[in-house]
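For reference, the structure discussed in these notes is given below.
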Amino acid sequence: MYKYIIMGVQGCGKGTQAKLMCDSYDFVHISIGDQFRWHISNHTKLAAKLQRVIAAGQMAGDDLVEKVVSERLQWHDWNYGFVLDGFPRNFTQAEFLLETYNINGAIHLQVADDIVTKRVLARRVCNSCGLDYNLIHHRPKVEGVCDVCHGKLKAREDDNEAAIVNRLADYHTKTEPIIELFKQVGILVEVDAAQSVELVFEDIKRKIGLPDPPRHMNSRNMVTEFRSREAKG
């Protein structure tokens, strides 16, 4: 059973790589943001606490986030393994994770801040179906129009240069101690995320020692298939 963390600044492509890993090896993609939304939509016991934090514009505290992670991992639907996305976000959370679970590897996707800024500013989302696009590497067939539902594409409200600068600074401050911790325990692998999606995926497989996927597809074909399924919803 494989247990991985994937980390990197917003816009580095970690969501795409996590999904590719899971599609290829039957791992389960566990996104903390998705878990927050699941609790709220299902009105769970934790939903009220999460809603109060979100309404106040605050970050969820360590105890609350750790509770969400623990409950999700207790589902044990990850027969072959999981890829944890969006956690840990600080040193305390990293310590909790290492003390509680036998993590096989922490994949750090590295990309320069100026490249991240360009990627984030190029993001668009469909206001009808929610499908994500990027004007750099995943453009719609018709400018400003969703390929699937023909809804209008728009930039996210917080995808502006000032907000991006603040997010980058906050990420680096909180993440540097985590990176050092993972280096010390010998589970960190660093991957150049400025490469194409296919090459990033190849580097991840090589550096964490994963075999060729069971379907024996090359990375380009897997990325094409992944994007096709994503577009179809």
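All residue names refer to the structure tokens as shown: chains lettered A, B, ... in order, residues numbered from 1 in each chain, ligands numbered from 1 in order.
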- Task: Can you check which residues of stretch 153-214 of chain A DSSP gives as helix (DSSP H, G or I) on the backbone and send them as a ChimeraX atom specification?
- Result: /A:161-185,197-208
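Atom CA of A:Leu46 to atom CA of A:Lys67 spans 8.7 Å [interatomic distance, one decimal].
Distance check against A:Ala194 using only C-alpha atoms: of A:Asp114, A:Asp147, A:Glu176, A:Asp158, the minimum falls on A:Asp114.
If only C-alpha atoms are the atoms counted, then among A:Val9, A:Leu50, A:Ala106, A:Phe182 the closest residue to A:Arg119 is A:Val9.
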- Residues at most 9 Å from stretch 78-83 of chain A, counting only C-alpha atoms, excluding those fewer than 6 positions away in the same chain, as a PyMOL selection string? chain A and resi 1-6+18-19+21-22+25-31
- Contacts of stretch 124-131 of chain A at 9 Å or less, counting only C-alpha atoms, minus same-chain residues fewer than 3 places along, as a ChimeraX atom specification? /A:120-121,134-135,144-146,148-156,230-231,233
Where in stretch 4-233 of chain A does DSSP assign strand (DSSP E), given as a PDB file with C-alpha atoms, in the first residue's frame?
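Result file is states_39.pdb:
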ATOM      1  CA  TYR A   4       1.955   9.829  -0.746  1.00  0.00           C
ATOM      2  CA  ILE A   5       1.756  13.546  -0.131  1.00  0.00           C
ATOM      3  CA  ILE A   6       1.835  15.915  -3.092  1.00  0.00           C
ATOM      4  CA  MET A   7       2.671  19.524  -2.403  1.00  0.00           C
ATOM      5  CA  VAL A  28      -7.390   7.497  -4.078  1.00  0.00           C
ATOM      6  CA  HIS A  29      -6.979  11.269  -4.483  1.00  0.00           C
ATOM      7  CA  ILE A  30      -7.741  12.905  -1.144  1.00  0.00           C
ATOM      8  CA  SER A  31      -8.080  16.671  -1.544  1.00  0.00           C
ATOM      9  CA  GLY A  81      -2.905   3.711  -1.585  1.00  0.00           C
ATOM     10  CA  PHE A  82      -3.709   7.416  -1.547  1.00  0.00           C
ATOM     11  CA  VAL A  83      -2.328  10.747  -2.694  1.00  0.00           C
ATOM     12  CA  LEU A  84      -2.929  13.469  -0.114  1.00  0.00           C
ATOM     13  CA  ASP A  85      -3.377  16.936  -1.648  1.00  0.00           C
ATOM     14  CA  GLY A 105       6.936   9.798  -0.051  1.00  0.00           C
ATOM     15  CA  ALA A 106       6.346  13.541  -0.179  1.00  0.00           C
ATOM     16  CA  ILE A 107       6.371  14.891  -3.748  1.00  0.00           C
ATOM     17  CA  HIS A 108       7.322  18.556  -3.915  1.00  0.00           C
ATOM     18  CA  LEU A 109       6.501  20.196  -7.252  1.00  0.00           C
ATOM     19  CA  GLN A 110       8.925  23.084  -7.690  1.00  0.00           C
ATOM     20  CA  ARG A 123      -6.853  30.288 -15.284  1.00  0.00           C
ATOM     21  CA  ARG A 124     -10.502  30.360 -16.277  1.00  0.00           C
ATOM     22  CA  VAL A 125     -13.508  28.491 -14.903  1.00  0.00           C
ATOM     23  CA  CYS A 126     -16.897  27.828 -16.490  1.00  0.00           C
ATOM     24  CA  ASP A 132     -11.307  24.497 -15.332  1.00  0.00           C
ATOM     25  CA  TYR A 133      -9.302  25.849 -18.259  1.00  0.00           C
ATOM     26  CA  ASN A 134      -5.944  27.538 -18.636  1.00  0.00           C
ATOM     27  CA  LEU A 153     -15.599  31.330 -18.840  1.00  0.00           C
ATOM     28  CA  LYS A 154     -14.359  33.767 -16.232  1.00  0.00           C
ATOM     29  CA  LEU A 188      11.088  14.102   0.111  1.00  0.00           C
ATOM     30  CA  VAL A 189      11.405  14.009  -3.676  1.00  0.00           C
ATOM     31  CA  GLU A 190      11.599  17.256  -5.641  1.00  0.00           C
ATOM     32  CA  VAL A 191      10.300  17.555  -9.198  1.00  0.00           C
ATOM     33  CA  ASP A 192      10.670  20.387 -11.699  1.00  0.00           C
TER      34      ASP A 192
END
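Closest approach to A:Asn166 among A:Asp34, A:Glu71, A:Asp113, A:Glu143 is made by A:Asp113 (distances from only C-alpha atoms).
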- Message: Need the shell around A:Thr117: protein/DNA/RNA residues with any atom at most 10 Å away, counting only C-alpha atoms. Skip same-chain ones fewer than 3 positions apart. Format as number ranges by chain?
- Response: A: 10-12, 112-114, 120-122, 159-161, 164-165, 168
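Considering the residues A:Phe91, A:Phe96, A:Arg37, A:Ala47 and counting only C-alpha atoms, A:Thr173 has its shortest atom-to-atom contact with A:Phe91.
The coordinates place atom CA of A:Gly8 at 10.4 Å from atom CA of A:Ile179.
Relative to atom CA of A:Gly33, atom CA of A:Gly86 is found at 7.0 Å.
In terms of minimum interatomic distance to A:His39, A:Arg72 ranks closest within A:Arg72, A:Arg167, A:Lys174, A:Arg206, counting only C-alpha atoms.
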